[in-house]
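Right, one structure below, let's go through it.
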Amino acid sequence: METRCEKVSLEDGGFVEKVTVIFQGREFTASGASEWTDKRGRRCFGLYIDWTPESDVDWSTSATLTTSSGDQKFPCQLSRPWRSNFGDKRRAVYMRYMGKEYSGILYSEDWNMWVKLTERKNQR
């Protein structure tokens, strides 16, 4: 199995990763991590939780967010887990990047690794 990751630049200075997995001669392509500006002018990230067991992190309160290629890593804080009315486990995620605060929700913690974070406007 082989993987390929290409960063596609966006007009607003953000990016979208195009990730391709090659398995038995067939290619499967999907969008990966991303960064963009929403309609309200807030910066947003779509990143993955790095659940690597080797990392020296207390998973109950903190983790690392990363891009699909793993070339960028961002420390983040996690809230305590809770169960939604759909039965999945969720957590709030908080990140600071370049002096700004971002927040989002990790949905379906048991199987999902992707988190969408949005810039918080009401910063202190």
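By convention here, the chains of the structure tokens are called A, B, ... in the order presented, each chain's residues are numbered starting at 1, and ligands are numbered starting at 1 in the order presented.
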Open item on the list: So that I can see what lies close to Trp111 of chain A, please list as a list in words the residues with an atom at most 12 Å from it, counting only C-alpha atoms and leaving out residues fewer than 5 positions away in the same chain.
Closed with: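 Once the adjacent positions are removed, what remains is Tyr48, Ile49, Trp51, Asp88, Lys89, Arg90 and Leu106 of chain A.
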Query - Nearby residues (only C-alpha atoms) at most 8 Å from segment 14-22 of chain A, same-chain spacing under 5 positions excluded, as a ChimeraX atom specification - result: /A:1-9,27-37,68
As a PyMOL selection string, please: all residues of segment 4-110 of chain A that backbone DSSP puts in strand (DSSP E or B). chain A and resi 4-9+15-23+26-37+43-49+62-66+73-78+82-83+89-97+100-106
- 7 Å contact set for segment 95-105 of chain A, only C-alpha atoms, chain neighbours under 4 positions out, as a ChimeraX atom specification: /A:75-77,90-91,115-120
Just-selected residues, C-alpha atoms written as a short mmCIF file (atom, residue, chain, number, x, y, z; two decimals), in the first residue's frame:
data_model
loop_
_atom_site.label_atom_id
_atom_site.label_comp_id
_atom_site.auth_asym_id
_atom_site.auth_seq_id
_atom_site.Cartn_x
_atom_site.Cartn_y
_atom_site.Cartn_z
CA PRO A 75 -1.24 20.79 20.81
CA CYS A 76 -4.85 20.95 21.98
CA GLN A 77 -6.95 20.55 25.12
CA ARG A 90 -18.00 13.37 22.09
CA ARG A 91 -15.50 15.90 23.43
CA VAL A 115 -12.16 17.72 14.13
CA LYS A 116 -13.44 21.00 12.69
CA LEU A 117 -12.21 23.98 14.71
CA THR A 118 -13.46 27.55 14.32
CA GLU A 119 -11.78 30.75 15.46
CA ARG A 120 -13.34 32.15 18.61
#
Selection: 12 Å around Phe86 of chain A, only C-alpha atoms, excl. self and same-chain fewer than 4 positions, as a ChimeraX atom specification:
/A:82,90,107-108
State, in Å with one decimal place, the distance from atom CA of Asn85 of chain A to atom CA of Thr64 of chain A.
->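 If I compute the distance from atom CA of Asn85 of chain A to atom CA of Thr64 of chain A, I get 27.0 Å.
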What does the structure give for the distance between atom CA of Gly87 of chain A and atom CA of Phe45 of chain A, in Å to one decimal?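 Taking atom CA of Gly87 of chain A as the start and atom CA of Phe45 of chain A as the end point, the length is 25.8 Å.
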